[in-house]
>>> print(open('structure.pdb').read())   # PDB, C-alpha atoms and all ligand atoms
MODEL        1
ATOM      1  CA  MET A   1     115.850  32.109 -52.783  1.00  0.00           C
ATOM      2  CA  ARG A   2     118.654  29.774 -53.627  1.00  0.00           C
ATOM      3  CA  VAL A   3     120.974  32.532 -54.747  1.00  0.00           C
ATOM      4  CA  SER A   4     120.640  34.387 -51.451  1.00  0.00           C
ATOM      5  CA  ASP A   5     121.122  31.116 -49.517  1.00  0.00           C
ATOM      6  CA  ASP A   6     124.366  30.542 -51.398  1.00  0.00           C
ATOM      7  CA  ARG A   7     125.434  34.098 -50.749  1.00  0.00           C
ATOM      8  CA  TYR A   8     124.621  33.726 -47.066  1.00  0.00           C
ATOM      9  CA  SER A   9     126.627  30.535 -46.632  1.00  0.00           C
ATOM     10  CA  ARG A  10     129.517  32.040 -48.577  1.00  0.00           C
ATOM     11  CA  ASP A  11     129.477  35.040 -46.310  1.00  0.00           C
ATOM     12  CA  ARG A  12     129.479  32.768 -43.266  1.00  0.00           C
ATOM     13  CA  GLN A  13     132.415  30.858 -44.732  1.00  0.00           C
ATOM     14  CA  ARG A  14     134.241  34.147 -45.346  1.00  0.00           C
ATOM     15  CA  LEU A  15     133.777  35.298 -41.738  1.00  0.00           C
ATOM     16  CA  ASP A  16     134.731  31.895 -40.406  1.00  0.00           C
ATOM     17  CA  VAL A  17     137.980  31.906 -42.395  1.00  0.00           C
ATOM     18  CA  ALA A  18     138.706  35.480 -41.266  1.00  0.00           C
ATOM     19  CA  LEU A  19     138.204  34.575 -37.589  1.00  0.00           C
ATOM     20  CA  HIS A  20     140.541  31.591 -37.882  1.00  0.00           C
ATOM     21  CA  PHE A  21     143.131  33.780 -39.603  1.00  0.00           C
ATOM     22  CA  ILE A  22     142.780  36.421 -36.850  1.00  0.00           C
ATOM     23  CA  ARG A  23     143.232  33.789 -34.163  1.00  0.00           C
ATOM     24  CA  LEU A  24     146.400  32.596 -35.940  1.00  0.00           C
ATOM     25  CA  GLU A  25     147.663  36.212 -35.956  1.00  0.00           C
ATOM     26  CA  ALA A  26     147.544  36.768 -39.713  1.00  0.00           C
ATOM     27  CA  ARG A  27     148.112  40.274 -41.000  1.00  0.00           C
ATOM     28  CA  THR A  28     145.207  42.333 -42.270  1.00  0.00           C
ATOM     29  CA  HIS A  29     146.282  42.239 -45.919  1.00  0.00           C
ATOM     30  CA  THR A  30     146.656  38.451 -45.729  1.00  0.00           C
ATOM     31  CA  ILE A  31     143.089  38.145 -44.432  1.00  0.00           C
ATOM     32  CA  ARG A  32     141.875  40.508 -47.158  1.00  0.00           C
ATOM     33  CA  ALA A  33     143.673  38.537 -49.891  1.00  0.00           C
ATOM     34  CA  TRP A  34     142.181  35.210 -48.805  1.00  0.00           C
ATOM     35  CA  THR A  35     138.657  36.305 -47.848  1.00  0.00           C
ATOM     36  CA  GLY A  36     137.933  39.355 -49.986  1.00  0.00           C
ATOM     37  CA  LEU A  37     136.661  41.199 -46.886  1.00  0.00           C
ATOM     38  CA  SER A  38     137.270  44.940 -46.714  1.00  0.00           C
ATOM     39  CA  ASP A  39     139.852  46.369 -44.295  1.00  0.00           C
ATOM     40  CA  ASP A  40     137.029  48.038 -42.412  1.00  0.00           C
ATOM     41  CA  ARG A  41     135.184  44.752 -41.930  1.00  0.00           C
ATOM     42  CA  ILE A  42     138.406  43.030 -40.833  1.00  0.00           C
ATOM     43  CA  ARG A  43     139.113  45.798 -38.300  1.00  0.00           C
ATOM     44  CA  LYS A  44     135.617  45.357 -36.835  1.00  0.00           C
ATOM     45  CA  LEU A  45     136.129  41.609 -36.616  1.00  0.00           C
ATOM     46  CA  TYR A  46     139.449  42.156 -34.818  1.00  0.00           C
ATOM     47  CA  ARG A  47     137.804  44.513 -32.382  1.00  0.00           C
ATOM     48  CA  SER A  48     134.950  42.190 -31.531  1.00  0.00           C
ATOM     49  CA  TYR A  49     137.347  39.264 -31.275  1.00  0.00           C
ATOM     50  CA  LEU A  50     139.646  41.153 -28.892  1.00  0.00           C
ATOM     51  CA  CYS A  51     136.704  42.234 -26.716  1.00  0.00           C
ATOM     52  CA  ASP A  52     136.433  38.628 -25.613  1.00  0.00           C
ATOM     53  CA  PRO A  53     138.736  38.393 -22.538  1.00  0.00           C
ATOM     54  CA  ARG A  54     139.826  34.916 -23.639  1.00  0.00           C
ATOM     55  CA  HIS A  55     141.537  36.475 -26.647  1.00  0.00           C
ATOM     56  CA  ALA A  56     143.135  39.434 -24.881  1.00  0.00           C
ATOM     57  CA  ARG A  57     146.669  38.121 -25.396  1.00  0.00           C
ATOM     58  CA  LEU A  58     146.393  37.996 -29.168  1.00  0.00           C
ATOM     59  CA  THR A  59     149.126  39.964 -30.912  1.00  0.00           C
ATOM     60  CA  ARG A  60     148.199  41.977 -33.938  1.00  0.00           C
ATOM     61  CA  HIS A  61     151.070  42.043 -36.402  1.00  0.00           C
ATOM     62  CA  ARG A  62     151.649  44.884 -38.782  1.00  0.00           C
ATOM     63  CA  GLY A  63     154.007  45.490 -41.636  1.00  0.00           C
ATOM     64  CA  LYS A  64     155.151  43.269 -44.433  1.00  0.00           C
ATOM     65  CA  SER A  65     154.568  39.551 -44.644  1.00  0.00           C
ATOM     66  CA  PRO A  66     157.545  37.186 -45.040  1.00  0.00           C
ATOM     67  CA  GLN A  67     159.145  37.228 -48.477  1.00  0.00           C
ATOM     68  CA  GLN A  68     162.331  35.162 -48.185  1.00  0.00           C
ATOM     69  CA  THR A  69     162.041  31.540 -49.260  1.00  0.00           C
ATOM     70  CA  GLY A  70     165.530  30.966 -47.792  1.00  0.00           C
ATOM     71  CA  PHE A  71     163.845  30.893 -44.362  1.00  0.00           C
ATOM     72  CA  PHE A  72     162.554  27.371 -45.074  1.00  0.00           C
ATOM     73  CA  LEU A  73     165.990  26.022 -45.999  1.00  0.00           C
ATOM     74  CA  ARG A  74     168.167  27.884 -43.484  1.00  0.00           C
ATOM     75  CA  THR A  75     168.403  25.308 -40.695  1.00  0.00           C
ATOM     76  CA  ALA A  76     167.757  21.591 -40.335  1.00  0.00           C
ATOM     77  CA  ARG A  77     164.804  22.380 -38.074  1.00  0.00           C
ATOM     78  CA  ALA A  78     163.300  24.842 -40.571  1.00  0.00           C
ATOM     79  CA  ARG A  79     163.666  22.286 -43.392  1.00  0.00           C
ATOM     80  CA  GLN A  80     162.082  19.566 -41.271  1.00  0.00           C
ATOM     81  CA  GLU A  81     159.112  21.652 -40.116  1.00  0.00           C
ATOM     82  CA  ALA A  82     158.533  23.116 -43.579  1.00  0.00           C
ATOM     83  CA  ALA A  83     158.502  19.594 -45.031  1.00  0.00           C
ATOM     84  CA  LEU A  84     155.979  18.506 -42.391  1.00  0.00           C
ATOM     85  CA  LEU A  85     153.733  21.496 -43.084  1.00  0.00           C
ATOM     86  CA  ALA A  86     153.960  21.007 -46.843  1.00  0.00           C
ATOM     87  CA  SER A  87     153.077  17.320 -46.440  1.00  0.00           C
ATOM     88  CA  LEU A  88     149.988  18.369 -44.483  1.00  0.00           C
ATOM     89  CA  TYR A  89     149.065  20.813 -47.264  1.00  0.00           C
ATOM     90  CA  GLN A  90     149.226  17.951 -49.700  1.00  0.00           C
ATOM     91  CA  LEU A  91     147.388  15.468 -47.466  1.00  0.00           C
ATOM     92  CA  LEU A  92     144.515  17.867 -46.832  1.00  0.00           C
ATOM     93  CA  GLY A  93     144.418  19.114 -50.416  1.00  0.00           C
ATOM     94  CA  ALA A  94     145.562  22.731 -50.001  1.00  0.00           C
ATOM     95  CA  LEU A  95     148.482  21.865 -52.268  1.00  0.00           C
ATOM     96  CA  PRO A  96     147.528  19.833 -55.330  1.00  0.00           C
ATOM     97  CA  ASP A  97     149.553  16.668 -55.800  1.00  0.00           C
ATOM     98  CA  THR A  98     150.605  17.435 -59.323  1.00  0.00           C
ATOM     99  CA  ARG A  99     153.825  18.422 -61.056  1.00  0.00           C
ATOM    100  CA  SER A 100     151.937  20.078 -63.861  1.00  0.00           C
ATOM    101  CA  ALA A 101     150.623  23.053 -61.893  1.00  0.00           C
ATOM    102  CA  THR A 102     150.848  26.163 -64.007  1.00  0.00           C
ATOM    103  CA  PRO A 103     152.834  28.837 -62.176  1.00  0.00           C
ATOM    104  CA  GLY A 104     150.506  31.571 -60.969  1.00  0.00           C
ATOM    105  CA  ALA A 105     147.390  29.524 -61.707  1.00  0.00           C
ATOM    106  CA  ALA A 106     146.453  28.777 -58.117  1.00  0.00           C
ATOM    107  CA  LEU A 107     144.956  31.822 -56.464  1.00  0.00           C
ATOM    108  CA  PRO A 108     143.663  32.213 -52.929  1.00  0.00           C
ATOM    109  CA  SER A 109     140.151  30.821 -52.509  1.00  0.00           C
ATOM    110  CA  LEU A 110     137.941  30.318 -49.477  1.00  0.00           C
ATOM    111  CA  THR A 111     138.162  26.543 -49.728  1.00  0.00           C
ATOM    112  CA  ARG A 112     141.948  26.639 -49.966  1.00  0.00           C
ATOM    113  CA  ALA A 113     141.986  29.109 -47.054  1.00  0.00           C
ATOM    114  CA  GLU A 114     140.105  26.565 -44.929  1.00  0.00           C
ATOM    115  CA  LEU A 115     142.517  23.768 -45.873  1.00  0.00           C
ATOM    116  CA  LEU A 116     145.408  26.127 -45.125  1.00  0.00           C
ATOM    117  CA  TYR A 117     144.391  26.968 -41.564  1.00  0.00           C
ATOM    118  CA  GLN A 118     143.345  23.366 -40.885  1.00  0.00           C
ATOM    119  CA  SER A 119     146.802  22.165 -41.991  1.00  0.00           C
ATOM    120  CA  TYR A 120     148.448  24.814 -39.830  1.00  0.00           C
ATOM    121  CA  GLU A 121     146.392  23.849 -36.780  1.00  0.00           C
ATOM    122  CA  ILE A 122     147.453  20.205 -37.192  1.00  0.00           C
ATOM    123  CA  TYR A 123     151.078  21.322 -37.527  1.00  0.00           C
ATOM    124  CA  GLN A 124     150.704  23.374 -34.306  1.00  0.00           C
ATOM    125  CA  GLY A 125     149.314  20.297 -32.595  1.00  0.00           C
ATOM    126  CA  LEU A 126     152.247  18.122 -33.727  1.00  0.00           C
ATOM    127  CA  ILE A 127     155.120  20.525 -32.955  1.00  0.00           C
ATOM    128  CA  PRO A 128     155.308  21.733 -29.332  1.00  0.00           C
ATOM    129  CA  SER A 129     156.826  25.156 -30.133  1.00  0.00           C
ATOM    130  CA  PRO A 130     156.440  25.698 -33.865  1.00  0.00           C
ATOM    131  CA  LEU A 131     159.160  27.586 -35.713  1.00  0.00           C
ATOM    132  CA  ILE A 132     156.896  28.587 -38.591  1.00  0.00           C
ATOM    133  CA  SER A 133     154.412  31.377 -37.892  1.00  0.00           C
ATOM    134  CA  PHE A 134     151.067  31.382 -39.662  1.00  0.00           C
ATOM    135  CA  GLU A 135     152.244  34.225 -41.921  1.00  0.00           C
ATOM    136  CA  HIS A 136     155.252  32.100 -42.905  1.00  0.00           C
ATOM    137  CA  ALA A 137     152.904  29.160 -43.441  1.00  0.00           C
ATOM    138  CA  VAL A 138     150.785  31.248 -45.840  1.00  0.00           C
ATOM    139  CA  PHE A 139     153.955  32.313 -47.625  1.00  0.00           C
ATOM    140  CA  LEU A 140     155.109  28.671 -47.862  1.00  0.00           C
ATOM    141  CA  LEU A 141     151.821  27.575 -49.417  1.00  0.00           C
ATOM    142  CA  ASN A 142     151.885  30.455 -51.920  1.00  0.00           C
ATOM    143  CA  THR A 143     155.494  29.624 -52.801  1.00  0.00           C
ATOM    144  CA  LEU A 144     154.734  25.928 -53.307  1.00  0.00           C
ATOM    145  CA  LEU A 145     151.634  26.751 -55.374  1.00  0.00           C
ATOM    146  CA  ARG A 146     153.715  28.993 -57.648  1.00  0.00           C
ATOM    147  CA  ALA A 147     156.386  26.261 -57.809  1.00  0.00           C
ATOM    148  CA  ASP A 148     158.889  28.685 -59.268  1.00  0.00           C
ATOM    149  CA  GLU A 149     161.379  28.604 -56.366  1.00  0.00           C
ATOM    150  CA  LEU A 150     160.628  25.784 -53.946  1.00  0.00           C
ATOM    151  CA  VAL A 151     158.807  22.508 -54.478  1.00  0.00           C
ATOM    152  CA  LEU A 152     157.837  19.602 -52.255  1.00  0.00           C
ATOM    153  CA  GLY A 153     160.164  16.777 -53.230  1.00  0.00           C
ATOM    154  CA  ALA A 154     161.469  13.590 -51.670  1.00  0.00           C
ATOM    155  CA  CYS A 155     164.800  12.287 -50.394  1.00  0.00           C
ATOM    156  CA  ARG A 156     166.356  10.250 -53.168  1.00  0.00           C
ATOM    157  CA  ASP A 157     167.322   7.477 -50.713  1.00  0.00           C
ATOM    158  CA  CYS A 158     164.436   7.094 -48.276  1.00  0.00           C
ATOM    159  CA  GLY A 159     161.594   9.036 -49.878  1.00  0.00           C
ATOM    160  CA  ALA A 160     161.115  11.389 -46.904  1.00  0.00           C
ATOM    161  CA  ALA A 161     159.295  14.598 -47.821  1.00  0.00           C
ATOM    162  CA  LEU A 162     161.673  17.504 -48.406  1.00  0.00           C
ATOM    163  CA  ILE A 163     161.403  21.121 -49.439  1.00  0.00           C
ATOM    164  CA  VAL A 164     163.782  21.504 -52.348  1.00  0.00           C
ATOM    165  CA  ASP A 165     165.093  24.296 -54.497  1.00  0.00           C
ATOM    166  CA  ARG A 166     163.383  23.875 -57.845  1.00  0.00           C
ATOM    167  CA  TRP A 167     166.556  24.756 -59.739  1.00  0.00           C
ATOM    168  CA  SER A 168     168.995  22.637 -57.746  1.00  0.00           C
ATOM    169  CA  LEU A 169     170.785  20.115 -59.949  1.00  0.00           C
ATOM    170  CA  ARG A 170     171.577  17.737 -57.092  1.00  0.00           C
ATOM    171  CA  SER A 171     168.976  15.139 -56.204  1.00  0.00           C
ATOM    172  CA  PRO A 172     167.960  15.888 -52.630  1.00  0.00           C
ATOM    173  CA  ARG A 173     168.776  13.786 -49.578  1.00  0.00           C
ATOM    174  CA  CYS A 174     167.323  14.212 -46.116  1.00  0.00           C
ATOM    175  CA  ALA A 175     169.459  15.044 -43.069  1.00  0.00           C
ATOM    176  CA  LEU A 176     169.440  11.442 -41.821  1.00  0.00           C
ATOM    177  CA  CYS A 177     170.612   9.967 -45.113  1.00  0.00           C
ATOM    178  CA  LEU A 178     173.264  12.682 -45.447  1.00  0.00           C
ATOM    179  CA  ALA A 179     174.519  12.008 -41.931  1.00  0.00           C
ATOM    180  CA  ASP A 180     174.797   8.249 -42.207  1.00  0.00           C
ATOM    181  CA  PRO A 181     176.774   6.791 -45.122  1.00  0.00           C
ATOM    182  CA  ALA A 182     175.855   3.295 -43.870  1.00  0.00           C
ATOM    183  CA  LEU A 183     172.287   3.957 -44.936  1.00  0.00           C
ATOM    184  CA  GLU A 184     173.136   3.790 -48.627  1.00  0.00           C
ATOM    185  CA  ASN A 185     170.214   1.456 -49.226  1.00  0.00           C
ATOM    186  CA  GLY A 186     167.844   3.745 -47.420  1.00  0.00           C
ATOM    187  CA  PRO A 187     166.698   4.051 -43.808  1.00  0.00           C
ATOM    188  CA  PRO A 188     163.120   3.402 -42.723  1.00  0.00           C
ATOM    189  CA  ALA A 189     160.578   5.378 -44.714  1.00  0.00           C
ATOM    190  CA  MET A 190     159.703   8.950 -43.704  1.00  0.00           C
ATOM    191  CA  ALA A 191     162.790   9.182 -41.485  1.00  0.00           C
ATOM    192  CA  GLY A 192     163.294  12.806 -42.515  1.00  0.00           C
ATOM    193  CA  LEU A 193     160.006  13.975 -41.089  1.00  0.00           C
ATOM    194  CA  ALA A 194     159.304  15.248 -37.595  1.00  0.00           C
ATOM    195  CA  PRO A 195     160.394  13.022 -34.689  1.00  0.00           C
ATOM    196  CA  GLU A 196     156.856  11.791 -34.253  1.00  0.00           C
ATOM    197  CA  GLY A 197     156.698  10.659 -37.879  1.00  0.00           C
ATOM    198  CA  GLU A 198     153.930  11.544 -40.256  1.00  0.00           C
ATOM    199  CA  PRO A 199     150.373  11.862 -38.956  1.00  0.00           C
ATOM    200  CA  ARG A 200     148.479   8.664 -39.328  1.00  0.00           C
ATOM    201  CA  ALA A 201     145.428   8.527 -41.505  1.00  0.00           C
ATOM    202  CA  ALA A 202     142.226   7.548 -39.755  1.00  0.00           C
ATOM    203  CA  PRO A 203     141.542   3.799 -40.069  1.00  0.00           C
TER     204      PRO A 203
HETATM  205 ZN    ZN A 301     166.519  10.216 -46.627  1.00  0.00          ZN
ENDMDL
END
>>> encode(input="structure.pdb", output="structure tokens", more="lines below")
Ligand SMILES: [Zn+2]
Amino acid sequence: MRVSDDRYSRDRQRLDVALHFIRLEARTHTIRAWTGLSDDRIRKLYRSYLCDPRHARLTRHRGKSPQQTGFFLRTARARQEAALLASLYQLLGALPDTRSATPGAALPSLTRAELLYQSYEIYQGLIPSPLISFEHAVFLLNTLLRADELVLGACRDCGAALIVDRWSLRSPRCALCLADPALENGPPAMAGLAPEGEPRAAP
């Protein structure tokens, strides 16, 4: 009976991930890629989810998912929030803390999907009106896992987490260090993160 128990709990996990993704307004093909559920099953889940009056305001997005990595570097705010989200990916384990990741090796899995939405929910809790949608967050994680365009790096002066272009020859500096030449020896640690600073680990 063990095999069917495993299958049952895996199916539960799959549905649980799909419901979280629906609540975060993921697109159908994103849900399919991360859960392996059929489009038909996802549609039924959507329908039953939307029947609950508490979820009536949910928007269902269609069309293509984000594909431009430039989004995460475009503005100071985008860089800051992307760095925060990527740090959460690393803290929770959605993004392995290793430079030796083989490009293309990390594929969507249910466990990673759970760590992904958990990271995103923490990010939503830290940033009052988040700039990065869940679809962009999925795209950011995929991009960082591939590590062929963007990587999670650190400010060369203060060590703050930064999203950096993998092929850039300059060593990166955060906005605070760039803005203040007096901070040549480095401002307080993590100054480049969100105004609230990095989330504290439980004691
Ligand atoms: Zn810095």
>>> resolve_selection(input="structure.pdb", expression="the PyMOL selection byres (((chain A and resi 72) around 10) and not hetatm)", output="PyMOL selection string")
chain A and resi 68-71+73-83+131-132+136-137+140+150+163-164
>>> residues_around(input="structure.pdb", residues="Trp167 in chain A", least_positions_apart="5", cutoff="12 Å", atoms="only C-alpha atoms", output="PyMOL selection string")
chain A and resi 147-151+172
>>> resolve_selection(input="structure.pdb", expression="the PyMOL selection byres (((chain A and resi 11-19) around 10) and not hetatm)", output="PyMOL selection string")
chain A and resi 5-10+20-26+28+30-32+34-37+41-42+45-46+49+109-111+113-117
>>> atom_distance(input="structure.pdb", atom1="CA of Ala94 in chain A", atom2="CA of Pro108 in chain A")
10.1 Å
>>> closest_residue(input="structure.pdb", among="A:Leu162, A:Leu92, A:Leu85, A:Leu50", to="ligand ZN 301 (chain A)", atoms="only C-alpha atoms and all ligand atoms")
A:Leu162
>>> resolve_selection(input="structure.pdb", expression="the PyMOL selection byres (((chain A and resi 173-178) around 6) and not hetatm)", output="PyMOL selection string")
chain A and resi 155-156+172+179-180+192
>>> atom_distance(input="structure.pdb", atom1="CA of Ser65 in chain A", atom2="CA of Glu135 in chain A")
6.4 Å
>>> atom_distance(input="structure.pdb", atom1="CA of Gly93 in chain A", atom2="CA of Leu145 in chain A")
11.6 Å
>>> closest_residue(input="structure.pdb", among="A:Leu144, A:Leu169, A:Leu84, A:Ala160", to="ligand ZN 301 (chain A)", atoms="only C-alpha atoms and all ligand atoms")
A:Ala160
>>> closest_residue(input="structure.pdb", among="A:Lys44, A:Lys64, A:Arg54, A:Arg146", to="His29 in chain A", atoms="only C-alpha atoms")
A:Lys64
>>> closest_residue(input="structure.pdb", among="A:Ala33, A:Ser171, A:Leu91, A:Arg47", to="Gly159 in chain A", atoms="only C-alpha atoms")
A:Ser171
